[in-house]
Amino acid sequence: MRHTKLNYLLSALGLFLITTVASAQTTPDSIKYDHDEVFGPIVWPTTTGDTRSASGQPGQHYWQNRADYQIKASLNETDQDTTITGEVNINYTNNSPDNLDYLWLQLDQNLFRPDSRGAATVPVVGTRFDVKGFNRGGYRIESVSVTYKGQTYKVDPVITDARMQVRLNTPMGPKGEKISVKVNYSFSIPFYGADRMGRKKFKQGWVYELAQWYPRICVYDDVEGWNTLPYMGLGEFYCDYGDYDYYITTPANMTVAGSGDLENASQVLTATQQSRLADARGSDKTVMVITPEEVGQAATHPFKGTLTWHFKMQNTRDVAWAASTAFIWDAARVKLPSGRKCVAMSTYPVESSGNDSWGRSTEYLKYSIEIYSDKYFEYPWNSATSVSGVALGMEYPGIIFCLSNLKKGQLWGDITHEIGHNWFPMIVGSNERKYMWMDEGFNTFINEYSTEKFNNGEYFNAKTRAANQITGLLKREKDPLMVAPEAQNEYGQYYFKTSLGLDMLRNVVLGPDRFDYAFNEYVKHWAFKHPLPYDFFRAMNDASGEDLNWFFQPWFFTTWQLDQAIQGVKYVKDDATKGSLITLVNKEKLAMPVTLKITQANGKTETINLPVNIWQRGGVWTFDYPSTSTITALELDPDHQLPDVDRKNNIWGGK
């Protein structure tokens, strides 16, 4: 009996080995692909305390801290300099389970100190985000005080580059404890603020774009505790959410645009301007609030001395503002899915005016917000403003800065991109300083959708989506997407490689319905929270019903490339009417599904799709195609949706 069972097991094993050898074909040495590297086990890092779930959602014990701000600031113009003088009160809530012995604040203006790390690491050829030699920059911290449990005391802060540590006399307690920090400060406004803020002179006055204009508390989270990476130019920001109540005092002949709601319009606007703004809130067409002819006229700003503009914004991670004597101002209604009222506005100098330029800014802004609100998540605030000035393109909650000389499609692209950032990372609050692809790449992806939808595709070119448009960029790639911005040699990858990856998941791997559902679930669950990359990976896997780790690991953690190729065709019993054996090769290390266009001599053309799983056992795959006549042509990826580095071997011509 034992001998019979052993014979049976040996026979079964032999049959298994024969079957395995037949299906897993030998991979030639010239092929770099290793299926074990792509499909091997991957376990994403986890956090303790059930703060993040295995499904990619916030866990049952997820927490994040809160920072509410009260700010009073003044813009002071002199012949030698223009400065901001301010006072910020930060009311901080510690929702973590930890006692805090100290607080960390970001002093982003310290980038513009001549001895800053950012200034020291600018290449000799310069970059878009360098300090341009401005040597009067940086915060002047006048005083710091803390109020905790009814006791107020002064603190001597410890300032290191663009960070400030506030050491507490008594540790701050956990789980809802509150503390207040008051900082008095000032700084000189740089001319070129690393392409994120600054000032520029126009015919009718300076345009000031103010961002990173107050000391901000760093994020203390469940992943790294205090996030204290310094601001060095390229890497952007990571902020907690809270309510903002802020006052901006400027010369009385200036117009001020700010994040959030203008609380004192009756005190800073004329009756005519208030009426026009009310009309704009009900109009789909752009309404002028301050016309070009009114700029600089005494009646436009019939006030003396200085004037204080009061703004509020709820549940936001930041605010920014702009001021100028040169501003034309127009506005229009934004239609949100819920019916809630919202207004889009633009402020720009006369040099930017015209229907081929900023005269359409509000139109671009309005429809971008409507498109993103319908598709992804409703815009949560009541206003948005586009400002023309020195910054090429920069985003803040409720306000964006775009370059003054942009026209037509360039201006559309800049506006729809910058306001798109209000979804990533202003709503979905990722850590821009560490994971730039989570905001720039996701935003570039949704910009494709808005550009296709806007005005029947006025500026849309389907070719811009073709993967081969950025294959050259991928060939130059030196660093993976997970590398932090300051270590990335080709930061365009954050935008275009990420966007292409999402395109491939949507159009090649999952299909639009499954991808859109999973992506929107991710947005819904992480709105106004702090997702990690691993939360995104898990969320997409869970909601789509696919284990996509074979894609996420190589695409975001490596610089692997893709090269699918056609090896050849053989006919069953040398007769094409009995079927064909088509052999494909995956030559490079990245794997993707296969789309193959097949043309036969009888005129029949068919496109077939093979799942990525054909590469699970190796880099060569042969399959049986039911041909009825000779195959005259084969083409892999006929729509060029994949970044194949060698398209010559994607085509087979029947020989």
# chains A, B, ... in the order shown; residues from 1 in each chain; ligands from 1
>>> residues_around(residues="range 519-536 of chain A", least_positions_apart="2", cutoff="7 Å", atoms="only C-alpha atoms", output="list in words")
Trp44, Gly56, Gln57, Tyr376, Ile427, Val428, Gly429, Ser430, Phe515, Asp516, Tyr517, Arg538, Ala539 and Met540 of chain A
>>> select_by_dssp(residues="range 20-199 of chain A", states="helix (DSSP H, G or I)", output="list in words")
Thr20, Val21, Ala22, Ser23, His35, Asp36, Glu37, Val38, Phe39, Asp108, Gln109, Asn110, Leu111, Phe112, Arg117, Gly118, Ala119 and Ala120 of chain A
>>> write_last_selection(atoms="N, CA, C and O atoms", output="PDB file, in the first residue's frame")
ATOM      1  N   THR A  20       5.036  22.567 -15.631  1.00  0.00           N
ATOM      2  CA  THR A  20       5.680  23.817 -15.236  1.00  0.00           C
ATOM      3  C   THR A  20       6.719  24.251 -16.252  1.00  0.00           C
ATOM      4  O   THR A  20       6.787  25.409 -16.653  1.00  0.00           O
ATOM      5  N   VAL A  21       7.535  23.326 -16.716  1.00  0.00           N
ATOM      6  CA  VAL A  21       8.560  23.658 -17.697  1.00  0.00           C
ATOM      7  C   VAL A  21       7.935  24.153 -18.989  1.00  0.00           C
ATOM      8  O   VAL A  21       8.413  25.069 -19.640  1.00  0.00           O
ATOM      9  N   ALA A  22       6.804  23.549 -19.367  1.00  0.00           N
ATOM     10  CA  ALA A  22       6.144  23.942 -20.616  1.00  0.00           C
ATOM     11  C   ALA A  22       5.573  25.347 -20.537  1.00  0.00           C
ATOM     12  O   ALA A  22       5.555  26.081 -21.520  1.00  0.00           O
ATOM     13  N   SER A  23       5.080  25.763 -19.345  1.00  0.00           N
ATOM     14  CA  SER A  23       4.414  27.063 -19.247  1.00  0.00           C
ATOM     15  C   SER A  23       5.387  28.182 -18.879  1.00  0.00           C
ATOM     16  O   SER A  23       5.201  29.319 -19.273  1.00  0.00           O
ATOM     17  N   HIS A  35      11.094  38.237 -12.736  1.00  0.00           N
ATOM     18  CA  HIS A  35       9.712  38.203 -12.236  1.00  0.00           C
ATOM     19  C   HIS A  35       9.649  38.166 -10.714  1.00  0.00           C
ATOM     20  O   HIS A  35       8.684  38.648 -10.110  1.00  0.00           O
ATOM     21  N   ASP A  36      10.681  37.611 -10.064  1.00  0.00           N
ATOM     22  CA  ASP A  36      10.667  37.566  -8.604  1.00  0.00           C
ATOM     23  C   ASP A  36      10.796  38.964  -8.000  1.00  0.00           C
ATOM     24  O   ASP A  36      10.277  39.235  -6.920  1.00  0.00           O
ATOM     25  N   GLU A  37      11.505  39.863  -8.677  1.00  0.00           N
ATOM     26  CA  GLU A  37      11.627  41.236  -8.182  1.00  0.00           C
ATOM     27  C   GLU A  37      10.306  41.988  -8.292  1.00  0.00           C
ATOM     28  O   GLU A  37       9.960  42.803  -7.437  1.00  0.00           O
ATOM     29  N   VAL A  38       9.557  41.712  -9.349  1.00  0.00           N
ATOM     30  CA  VAL A  38       8.302  42.435  -9.581  1.00  0.00           C
ATOM     31  C   VAL A  38       7.164  41.855  -8.751  1.00  0.00           C
ATOM     32  O   VAL A  38       6.379  42.602  -8.144  1.00  0.00           O
ATOM     33  N   PHE A  39       7.069  40.541  -8.716  1.00  0.00           N
ATOM     34  CA  PHE A  39       5.917  39.900  -8.079  1.00  0.00           C
ATOM     35  C   PHE A  39       6.249  39.271  -6.738  1.00  0.00           C
ATOM     36  O   PHE A  39       5.443  38.536  -6.186  1.00  0.00           O
ATOM     37  N   ASP A 108       9.938  80.052   7.386  1.00  0.00           N
ATOM     38  CA  ASP A 108      10.246  79.853   5.968  1.00  0.00           C
ATOM     39  C   ASP A 108      10.974  81.040   5.346  1.00  0.00           C
ATOM     40  O   ASP A 108      11.755  80.867   4.406  1.00  0.00           O
ATOM     41  N   GLN A 109      10.731  82.248   5.847  1.00  0.00           N
ATOM     42  CA  GLN A 109      11.432  83.415   5.287  1.00  0.00           C
ATOM     43  C   GLN A 109      12.939  83.352   5.513  1.00  0.00           C
ATOM     44  O   GLN A 109      13.706  84.038   4.825  1.00  0.00           O
ATOM     45  N   ASN A 110      13.388  82.509   6.422  1.00  0.00           N
ATOM     46  CA  ASN A 110      14.824  82.381   6.659  1.00  0.00           C
ATOM     47  C   ASN A 110      15.561  81.748   5.485  1.00  0.00           C
ATOM     48  O   ASN A 110      16.795  81.772   5.449  1.00  0.00           O
ATOM     49  N   LEU A 111      14.818  81.209   4.528  1.00  0.00           N
ATOM     50  CA  LEU A 111      15.453  80.784   3.278  1.00  0.00           C
ATOM     51  C   LEU A 111      16.226  81.937   2.654  1.00  0.00           C
ATOM     52  O   LEU A 111      17.263  81.725   2.005  1.00  0.00           O
ATOM     53  N   PHE A 112      15.748  83.174   2.852  1.00  0.00           N
ATOM     54  CA  PHE A 112      16.329  84.336   2.181  1.00  0.00           C
ATOM     55  C   PHE A 112      17.436  85.000   2.997  1.00  0.00           C
ATOM     56  O   PHE A 112      17.892  86.083   2.646  1.00  0.00           O
ATOM     57  N   ARG A 117      20.562  77.297   4.579  1.00  0.00           N
ATOM     58  CA  ARG A 117      20.897  76.051   3.896  1.00  0.00           C
ATOM     59  C   ARG A 117      20.447  76.094   2.444  1.00  0.00           C
ATOM     60  O   ARG A 117      21.121  75.589   1.553  1.00  0.00           O
ATOM     61  N   GLY A 118      19.280  76.683   2.220  1.00  0.00           N
ATOM     62  CA  GLY A 118      18.782  76.781   0.856  1.00  0.00           C
ATOM     63  C   GLY A 118      19.708  77.588  -0.031  1.00  0.00           C
ATOM     64  O   GLY A 118      19.991  77.208  -1.166  1.00  0.00           O
ATOM     65  N   ALA A 119      20.209  78.730   0.495  1.00  0.00           N
ATOM     66  CA  ALA A 119      21.138  79.549  -0.280  1.00  0.00           C
ATOM     67  C   ALA A 119      22.443  78.807  -0.529  1.00  0.00           C
ATOM     68  O   ALA A 119      23.046  78.913  -1.602  1.00  0.00           O
ATOM     69  N   ALA A 120      22.873  78.024   0.456  1.00  0.00           N
ATOM     70  CA  ALA A 120      24.149  77.316   0.337  1.00  0.00           C
ATOM     71  C   ALA A 120      24.101  76.183  -0.676  1.00  0.00           C
ATOM     72  O   ALA A 120      25.139  75.782  -1.215  1.00  0.00           O
TER      73      ALA A 120
END
>>> closest_residue(among="A:Thr78, A:Thr85, A:Asn405, A:Thr272", to="Asn184 in chain A", atoms="only C-alpha atoms")
A:Thr85
>>> residues_around(residues="Asp50 in chain A", least_positions_apart="4", cutoff="7 Å", atoms="only C-alpha atoms", output="ChimeraX atom specification")
/A:59-62
>>> residues_around(residues="range 350-356 of chain A", least_positions_apart="5", cutoff="6 Å", atoms="only C-alpha atoms", output="VMD selection string")
chain A and resid 404 407 to 408
>>> atom_distance(atom1="CA of Phe134 in chain A", atom2="CA of Gly233 in chain A")
13.6 Å
>>> residues_around(residues="Trp104 in chain A", least_positions_apart="5", cutoff="9 Å", atoms="only C-alpha atoms", output="number ranges by chain")
A: 163-167, 216-220, 226-228
>>> closest_residue(among="A:Gly511, A:Gly137, A:Gly359, A:Gly398", to="Phe191 in chain A", atoms="only C-alpha atoms")
A:Gly137
>>> select_by_dssp(residues="range 348-424 of chain A", states="strand (DSSP E or B)", output="PDB file with N, CA and C atoms, in the first residue's frame")
ATOM      1  N   TYR A 348      -5.166  91.750 -11.331  1.00  0.00           N
ATOM      2  CA  TYR A 348      -4.037  91.790 -12.260  1.00  0.00           C
ATOM      3  C   TYR A 348      -3.791  93.229 -12.714  1.00  0.00           C
ATOM      4  N   SER A 383     -14.568  81.211  -1.709  1.00  0.00           N
ATOM      5  CA  SER A 383     -13.990  82.082  -2.723  1.00  0.00           C
ATOM      6  C   SER A 383     -12.651  81.520  -3.172  1.00  0.00           C
ATOM      7  N   ALA A 384     -12.213  81.990  -4.343  1.00  0.00           N
ATOM      8  CA  ALA A 384     -10.884  81.664  -4.857  1.00  0.00           C
ATOM      9  C   ALA A 384     -10.426  82.845  -5.705  1.00  0.00           C
ATOM     10  N   THR A 385      -9.142  83.172  -5.623  1.00  0.00           N
ATOM     11  CA  THR A 385      -8.612  84.329  -6.346  1.00  0.00           C
ATOM     12  C   THR A 385      -7.341  83.944  -7.086  1.00  0.00           C
ATOM     13  N   SER A 386      -7.243  84.420  -8.325  1.00  0.00           N
ATOM     14  CA  SER A 386      -6.038  84.262  -9.131  1.00  0.00           C
ATOM     15  C   SER A 386      -5.342  85.617  -9.208  1.00  0.00           C
ATOM     16  N   VAL A 387      -4.039  85.647  -8.887  1.00  0.00           N
ATOM     17  CA  VAL A 387      -3.284  86.894  -8.807  1.00  0.00           C
ATOM     18  C   VAL A 387      -2.158  86.882  -9.840  1.00  0.00           C
ATOM     19  N   SER A 388      -2.046  87.945 -10.607  1.00  0.00           N
ATOM     20  CA  SER A 388      -0.976  88.120 -11.588  1.00  0.00           C
ATOM     21  C   SER A 388       0.195  88.829 -10.930  1.00  0.00           C
ATOM     22  N   GLY A 389       1.400  88.234 -11.058  1.00  0.00           N
ATOM     23  CA  GLY A 389       2.545  88.861 -10.439  1.00  0.00           C
ATOM     24  C   GLY A 389       3.846  88.203 -10.823  1.00  0.00           C
ATOM     25  N   GLY A 393       4.033  80.235 -10.861  1.00  0.00           N
ATOM     26  CA  GLY A 393       2.833  79.491 -10.513  1.00  0.00           C
ATOM     27  C   GLY A 393       2.979  78.956  -9.102  1.00  0.00           C
ATOM     28  N   MET A 394       2.072  79.351  -8.207  1.00  0.00           N
ATOM     29  CA  MET A 394       2.139  78.881  -6.826  1.00  0.00           C
ATOM     30  C   MET A 394       0.752  78.889  -6.237  1.00  0.00           C
ATOM     31  N   GLU A 395       0.496  77.885  -5.404  1.00  0.00           N
ATOM     32  CA  GLU A 395      -0.840  77.646  -4.888  1.00  0.00           C
ATOM     33  C   GLU A 395      -0.915  77.802  -3.382  1.00  0.00           C
ATOM     34  N   TYR A 396      -2.042  78.331  -2.933  1.00  0.00           N
ATOM     35  CA  TYR A 396      -2.374  78.384  -1.520  1.00  0.00           C
ATOM     36  C   TYR A 396      -3.873  78.176  -1.408  1.00  0.00           C
ATOM     37  N   ILE A 399      -6.284  80.877  -2.952  1.00  0.00           N
ATOM     38  CA  ILE A 399      -5.614  81.917  -3.730  1.00  0.00           C
ATOM     39  C   ILE A 399      -4.423  81.303  -4.458  1.00  0.00           C
ATOM     40  N   ILE A 400      -4.198  81.756  -5.700  1.00  0.00           N
ATOM     41  CA  ILE A 400      -3.078  81.255  -6.483  1.00  0.00           C
ATOM     42  C   ILE A 400      -2.336  82.426  -7.107  1.00  0.00           C
ATOM     43  N   PHE A 401      -1.032  82.262  -7.304  1.00  0.00           N
ATOM     44  CA  PHE A 401      -0.189  83.274  -7.936  1.00  0.00           C
ATOM     45  C   PHE A 401       0.301  82.723  -9.272  1.00  0.00           C
ATOM     46  N   CYS A 402       0.048  83.456 -10.360  1.00  0.00           N
ATOM     47  CA  CYS A 402       0.474  83.036 -11.694  1.00  0.00           C
ATOM     48  C   CYS A 402       1.224  84.182 -12.372  1.00  0.00           C
ATOM     49  N   LEU A 403       2.085  83.836 -13.314  1.00  0.00           N
ATOM     50  CA  LEU A 403       2.974  84.813 -13.933  1.00  0.00           C
ATOM     51  C   LEU A 403       2.188  85.824 -14.771  1.00  0.00           C
TER      52      LEU A 403
END
>>> closest_residue(among="A:Ala467, A:Ile290, A:Leu474, A:Ile631", to="Tyr571 in chain A", atoms="only C-alpha atoms")
A:Ile631
>>> residues_around(residues="Pro174 in chain A", least_positions_apart="6", cutoff="7 Å", atoms="only C-alpha atoms", output="list in words")
Asn94, Asn95, Ser96, Pro97, Asp98 and Asn99 of chain A
>>> closest_residue(among="A:Asp575, A:Glu635, A:Asp542, A:Asp284", to="Ser53 in chain A", atoms="only C-alpha atoms")
A:Asp542
>>> atom_distance(atom1="CA of Val131 in chain A", atom2="CA of His421 in chain A")
23.3 Å
>>> residues_around(residues="Tyr459 in chain A", least_positions_apart="2", cutoff="9 Å", atoms="only C-alpha atoms", output="ChimeraX atom specification")
/A:408-409,412-413,451-452,454-457,461
